[in-house]
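Structure file coords_24.cif (mmCIF, C-alpha atoms) follows.
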data_my_file
#
loop_
_atom_site.label_atom_id
_atom_site.label_comp_id
_atom_site.auth_asym_id
_atom_site.auth_seq_id
_atom_site.Cartn_x
_atom_site.Cartn_y
_atom_site.Cartn_z
CA MET Q 1 0.00 0.00 0.00
CA GLU Q 2 1.38 3.38 -0.99
CA LEU Q 3 1.08 5.93 1.79
CA SER Q 4 1.04 9.66 1.44
CA ARG Q 5 4.17 11.13 2.98
CA LYS Q 6 1.98 13.63 4.79
CA ALA Q 7 -0.19 11.03 6.49
CA ILE Q 8 1.26 9.32 9.55
CA PRO Q 9 -0.04 5.78 10.10
CA TYR Q 10 -0.91 5.49 13.76
CA THR Q 11 -2.33 2.42 15.46
CA PRO Q 12 -4.13 3.18 18.72
CA ASN Q 13 -3.38 0.73 21.50
CA ASP Q 14 -5.44 -0.09 24.60
CA LYS Q 15 -3.43 -3.05 25.87
CA PRO Q 16 -1.29 -2.67 28.97
CA LEU Q 17 2.37 -3.70 28.65
CA HIS Q 18 1.92 -6.76 30.87
CA GLU Q 19 -0.38 -8.22 28.18
CA MET Q 20 1.82 -7.34 25.20
CA THR Q 21 4.37 -9.36 23.25
CA ILE Q 22 7.15 -7.16 21.90
CA MET Q 23 9.32 -7.70 18.83
CA ILE Q 24 12.58 -5.86 18.14
CA VAL Q 25 13.13 -4.53 14.62
CA SER Q 26 16.54 -2.90 14.39
CA THR Q 27 18.68 -1.19 11.76
CA SER Q 28 21.73 -1.54 13.97
CA GLY Q 29 23.31 -4.31 11.85
CA VAL Q 30 22.95 -6.97 14.58
CA HIS Q 31 23.10 -10.59 13.40
CA LEU Q 32 23.95 -14.09 14.60
CA LYS Q 33 27.66 -14.84 14.40
CA ASP Q 34 26.90 -17.77 12.08
CA GLN Q 35 24.66 -15.69 9.78
CA GLU Q 36 26.12 -13.94 6.75
CA PRO Q 37 27.49 -10.53 7.83
CA TYR Q 38 26.01 -7.44 6.20
CA ASN Q 39 27.81 -6.19 3.10
CA THR Q 40 29.77 -3.10 4.13
CA ASP Q 41 30.97 -2.25 0.61
CA PRO Q 42 29.30 1.12 -0.06
CA ALA Q 43 29.33 0.44 -3.81
CA GLU Q 44 27.11 -2.63 -3.27
CA GLY Q 45 25.12 -1.75 -0.16
CA ASP Q 46 22.92 -4.29 1.56
CA ALA Q 47 19.13 -4.41 1.40
CA THR Q 48 18.73 -7.76 3.15
CA PHE Q 49 17.42 -8.48 6.62
CA ARG Q 50 18.15 -11.20 9.16
CA ILE Q 51 15.75 -13.14 11.37
CA ILE Q 52 16.96 -13.48 14.96
CA PRO Q 53 15.33 -16.31 16.95
CA GLY Q 54 13.44 -15.12 20.03
CA ASP Q 55 15.31 -17.55 22.27
CA VAL Q 56 18.73 -16.37 21.03
CA ASP Q 57 21.72 -16.44 23.38
CA PRO Q 58 22.96 -12.81 23.29
CA LYS Q 59 26.53 -14.13 23.20
CA GLU Q 60 25.77 -15.49 19.71
CA LEU Q 61 25.06 -12.00 18.36
CA THR Q 62 27.46 -9.54 16.76
CA VAL Q 63 27.27 -6.39 14.61
CA THR Q 64 28.32 -5.60 11.04
CA HIS Q 65 27.69 -2.05 9.86
CA SER Q 66 29.10 0.14 7.10
CA ALA Q 67 28.74 3.46 8.96
CA PRO Q 68 32.06 5.17 9.76
CA LYS Q 69 33.30 4.24 13.23
CA ASP Q 70 33.22 7.84 14.45
CA HIS Q 71 29.52 7.89 13.53
CA TYR Q 72 28.50 4.47 14.91
CA ASN Q 73 31.08 2.67 17.01
CA THR Q 74 30.12 -1.00 16.87
CA ASP Q 75 32.65 -1.88 19.60
CA PHE Q 76 30.02 -0.98 22.22
CA PRO Q 77 27.25 -3.36 21.07
CA LYS Q 78 29.86 -6.04 20.40
CA GLU Q 79 30.75 -5.78 24.08
CA ASP Q 80 27.08 -5.71 25.20
CA ILE Q 81 24.46 -6.27 22.50
CA ASN Q 82 21.84 -4.65 24.76
CA CYS Q 83 23.33 -1.24 23.87
CA VAL Q 84 21.30 -1.38 20.64
CA PHE Q 85 19.32 -4.67 20.86
CA PRO Q 86 17.81 -4.82 24.38
CA ILE Q 87 16.95 -8.53 24.42
CA ASP Q 88 18.12 -9.15 28.01
CA ARG Q 89 16.25 -6.10 29.31
CA LEU Q 90 13.02 -7.28 27.59
CA ARG Q 91 13.41 -10.72 29.16
CA GLU Q 92 13.91 -9.15 32.59
CA LEU Q 93 10.66 -7.19 32.16
CA VAL Q 94 8.85 -10.43 31.27
CA ASP Q 95 10.39 -12.21 34.29
CA ASP Q 96 9.17 -9.41 36.54
CA GLY Q 97 5.65 -9.59 35.08
CA ASP Q 98 5.84 -6.07 33.63
CA LEU Q 99 5.72 -7.27 30.01
CA GLY Q 100 3.58 -9.99 28.44
CA GLY Q 101 6.26 -11.63 26.34
CA VAL Q 102 9.15 -11.41 23.91
CA ALA Q 103 8.35 -12.29 20.28
CA GLU Q 104 9.37 -15.63 18.80
CA LYS Q 105 11.71 -13.82 16.42
CA HIS Q 106 13.23 -10.40 15.81
CA LEU Q 107 14.34 -8.67 12.60
CA THR Q 108 17.48 -6.71 11.82
CA MET Q 109 18.88 -4.71 8.94
CA MET Q 110 21.91 -2.53 8.37
CA GLY Q 111 21.16 1.18 8.16
CA TYR Q 112 23.43 3.32 6.00
CA SER Q 113 22.90 0.96 3.10
CA MET Q 114 22.10 3.56 0.40
CA ARG Q 115 19.90 1.12 -1.52
CA LEU Q 116 16.76 2.97 -0.55
CA ASN Q 117 14.76 2.14 -3.65
CA LYS Q 118 15.26 -1.60 -3.25
CA ILE Q 119 14.68 -1.35 0.50
CA ASN Q 120 11.41 0.53 0.09
CA LYS Q 121 10.08 -1.63 -2.74
CA GLU Q 122 11.26 -5.09 -1.67
CA THR Q 123 12.85 -5.31 1.76
CA ILE Q 124 10.30 -3.41 3.83
CA PRO Q 125 7.21 -5.19 2.42
CA ALA Q 126 8.90 -8.57 3.08
CA LEU Q 127 9.92 -7.49 6.55
CA VAL Q 128 6.43 -6.18 7.35
CA LYS Q 129 4.99 -9.56 6.31
CA GLU Q 130 7.28 -11.25 8.84
CA VAL Q 131 6.13 -8.85 11.55
CA VAL Q 132 2.43 -9.51 10.79
CA ARG Q 133 2.98 -13.30 10.75
CA SER Q 134 4.77 -13.19 14.09
CA LYS Q 135 1.62 -11.97 15.88
CA ALA Q 136 3.67 -9.57 18.00
CA ASP Q 137 1.45 -6.97 19.70
CA ALA Q 138 3.92 -4.14 19.16
CA VAL Q 139 7.35 -3.45 17.72
CA LEU Q 140 10.30 -1.69 19.30
CA LEU Q 141 12.47 -0.03 16.67
CA THR Q 142 16.12 0.65 17.40
CA ALA Q 143 18.91 2.10 15.28
CA GLY Q 144 22.66 2.11 15.84
CA MET A 1 9.81 0.83 7.97
CA GLN A 2 7.94 2.11 11.01
CA ARG A 3 5.24 3.49 8.72
CA GLY A 4 4.94 0.15 6.92
CA ILE A 5 4.45 -1.77 10.18
CA GLU A 6 1.95 0.74 11.58
CA ALA A 7 0.02 0.65 8.31
CA GLN A 8 -0.65 -3.04 9.07
CA GLY A 9 -2.20 -2.14 12.41
CA ILE A 10 0.74 -2.93 14.68
CA PRO A 11 1.86 -0.15 17.04
CA THR A 12 5.55 0.73 17.03
CA SER A 13 7.88 2.82 19.12
CA LEU A 14 11.22 4.15 17.89
CA ILE A 15 14.36 4.99 19.84
CA THR A 16 16.29 7.42 17.66
CA LEU A 17 19.56 9.29 18.00
CA ASP A 18 19.28 10.87 14.55
CA VAL A 19 16.49 13.32 15.21
CA GLU A 20 16.99 15.16 11.94
CA GLN A 21 16.57 12.05 9.78
CA SER A 22 13.81 10.57 11.92
CA SER A 23 11.83 13.83 11.92
CA LEU A 24 11.69 13.70 8.13
CA MET A 25 9.95 10.32 8.40
CA ARG A 26 7.48 11.69 10.97
CA PRO A 27 7.34 8.59 13.21
CA PRO A 28 4.05 7.60 14.92
CA ARG A 29 5.81 7.27 18.30
CA ALA A 30 9.44 8.01 19.10
CA ILE A 31 11.81 9.04 21.85
CA HIS A 32 15.20 10.68 21.60
CA PRO A 33 17.50 10.02 24.57
CA ILE A 34 19.26 13.40 24.79
CA GLY A 35 23.03 13.37 24.36
CA PHE A 36 23.42 9.62 23.71
CA LYS A 37 26.16 8.56 21.28
CA PHE A 38 25.66 6.22 18.31
CA GLY A 39 26.57 2.69 19.32
CA HIS A 40 24.64 2.87 22.56
CA SER A 41 21.17 4.14 21.76
CA LEU A 42 19.86 2.45 24.94
CA GLY A 43 22.89 3.09 27.15
CA LYS A 44 26.53 2.18 27.50
CA PRO A 45 27.72 -1.44 27.69
CA HIS A 46 26.62 -3.17 30.91
CA ASP A 47 24.75 -0.05 32.14
CA LYS A 48 21.63 -2.11 32.79
CA ASN A 49 20.00 0.67 34.80
CA THR A 50 20.05 3.23 31.96
CA GLN A 51 19.24 0.62 29.30
CA MET A 52 16.13 -0.38 31.26
CA LYS A 53 15.01 3.24 31.74
CA VAL A 54 15.34 3.96 28.00
CA LEU A 55 13.53 0.74 27.09
CA LEU A 56 10.66 1.51 29.48
CA ALA A 57 10.36 5.08 28.18
CA ALA A 58 10.08 3.73 24.63
CA LEU A 59 7.56 1.02 25.60
CA GLU A 60 5.44 3.48 27.58
CA GLU A 61 4.98 5.49 24.38
CA ILE A 62 2.90 2.55 23.13
CA THR A 63 0.53 2.70 26.09
CA LYS A 64 -0.15 6.44 25.98
CA ARG A 65 -2.09 8.48 23.48
CA GLN A 66 0.43 10.16 21.18
CA GLU A 67 0.73 13.06 18.81
CA PRO A 68 2.04 11.21 15.75
CA GLY A 69 5.03 12.87 14.14
CA HIS A 70 6.36 14.19 17.43
CA ILE A 71 9.66 12.89 18.84
CA HIS A 72 9.78 13.05 22.63
CA GLU A 73 13.08 14.37 23.96
CA VAL A 74 13.92 12.44 27.15
CA ASP A 75 16.77 13.12 29.54
CA PHE A 76 18.42 10.16 31.28
CA PRO A 77 20.84 11.63 33.85
CA SER A 78 22.19 8.16 34.75
CA TYR A 79 23.76 7.97 31.24
CA ASN A 80 26.42 10.51 32.14
CA GLN A 81 27.32 9.08 35.53
#

In structure tokens, what does this structure look like?
Amino acid sequence: MELSRKAIPYTPNDKPLHEMTIMIVSTSGVHLKDQEPYNTDPAEGDATFRIIPGDVDPKELTVTHSAPKDHYNTDFPKEDINCVFPIDRLRELVDDGDLGGVAEKHLTMMGYSMRLNKINKETIPALVKEVVRSKADAVLLTAG
Amino acid sequence: MQRGIEAQGIPTSLITLDVEQSSLMRPPRAIHPIGFKFGHSLGKPHDKNTQMKVLLAALEEITKRQEPGHIHEVDFPSYNQ
């Protein structure tokens, strides 16, 4: 569906957090260490996304991102992925009863990819389909 | 991306450090943790306290009525400690 740039889609929500399942969708370049890293060659860019299992061990995650290091220093999330991908914090909220649940999967991309046309026409519709299928109640978006 | 997800009827909340870029996209719900550096948009490594505060601020956006297109500036003093 093509949306007017002036209109802002806005979904009202009446559910309290303790009944909601939250999914992370992030452009921080997070991925599993055994998944293909994002392509950091600016001439090629990268319009793909990765699916991160909901039960992932945070130690299995790393970051690949083409942004200059003085703009986005990936050393920090490599040391503690929760800097940009707060999976442990979400689980703590669930354990405390403050949040309903953490989604069965999460989605990541690499910002700074420059392939905006492909991303808008192909990647985002595919990614949105994954979000809808996941039955998450709401999505937390994080960047680098 | 946020617009695409919201258009399917799923509420979203964005944590952004790039207010200029994000403002152009007019997000339905967003917070900007003031003064945070890229690489730790939720807080520095192992600073669980600040990470949790930022996460909760972003999640609470989903439970309150919002003015879409407005990015809430939020100060987290524990970030600088």

Tell me which residues the PyMOL selection byres ((chain Q and resi 90) around 9) grabs here, as a tab-separated table (two decimals) with C-alpha atoms, keeping the file's coordinate frame.
chain	number	residue	atom	x	y	z
Q	22	ILE	CA	7.15	-7.16	21.90
Q	86	PRO	CA	17.81	-4.82	24.38
Q	87	ILE	CA	16.95	-8.53	24.42
Q	88	ASP	CA	18.12	-9.15	28.01
Q	89	ARG	CA	16.25	-6.10	29.31
Q	91	ARG	CA	13.41	-10.72	29.16
Q	92	GLU	CA	13.91	-9.15	32.59
Q	93	LEU	CA	10.66	-7.19	32.16
Q	94	VAL	CA	8.85	-10.43	31.27
Q	95	ASP	CA	10.39	-12.21	34.29
Q	99	LEU	CA	5.72	-7.27	30.01
Q	101	GLY	CA	6.26	-11.63	26.34
Q	102	VAL	CA	9.15	-11.41	23.91
A	52	MET	CA	16.13	-0.38	31.26
A	55	LEU	CA	13.53	0.74	27.09

Please, which residues of chain Q lie no more than 6 Å from chain A when the count uses all atoms listed in the file, and can they be set out as a PyMOL selection string? chain Q and resi 9-11+72-74+76+80+83-84+124+128+138-142+144

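The residues returned by the PyMOL selection byres ((chain Q and resi 46) around 8) for this structure are Tyr38, Asn39, Thr40, Glu44, Gly45, Ala47, Thr48, Met110, Ser113, Met114 and Arg115 of chain Q.
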
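Between CA of Lys105 (chain Q) and CA of Pro77 (chain Q) there is a distance of 19.3 Å.
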
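Shortest atom-to-atom contact with His32 (chain A) among Q:Ala126, Q:Leu61, Q:Val30, Q:Ala143: Q:Ala143, counting all atoms listed in the file.
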
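CA of Pro53 (chain Q) to CA of Lys33 (chain Q) spans 12.7 Å [interatomic distance, one decimal].
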
Could you list, as a VMD selection string, every residue matched by the PyMOL selection byres ((chain A and resi 72-80) around 6) in this structure? chain A and resid 31 to 34 71 81

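For the pair CA of Ser28 (chain Q) and CA of Ala7 (chain Q), the separation is 26.4 Å.
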
Hey, which of Q:Arg50, Q:His106, Q:His18, Q:Lys118 ends up closest to Ala136 (chain Q)? Count only C-alpha atoms. Q:His106
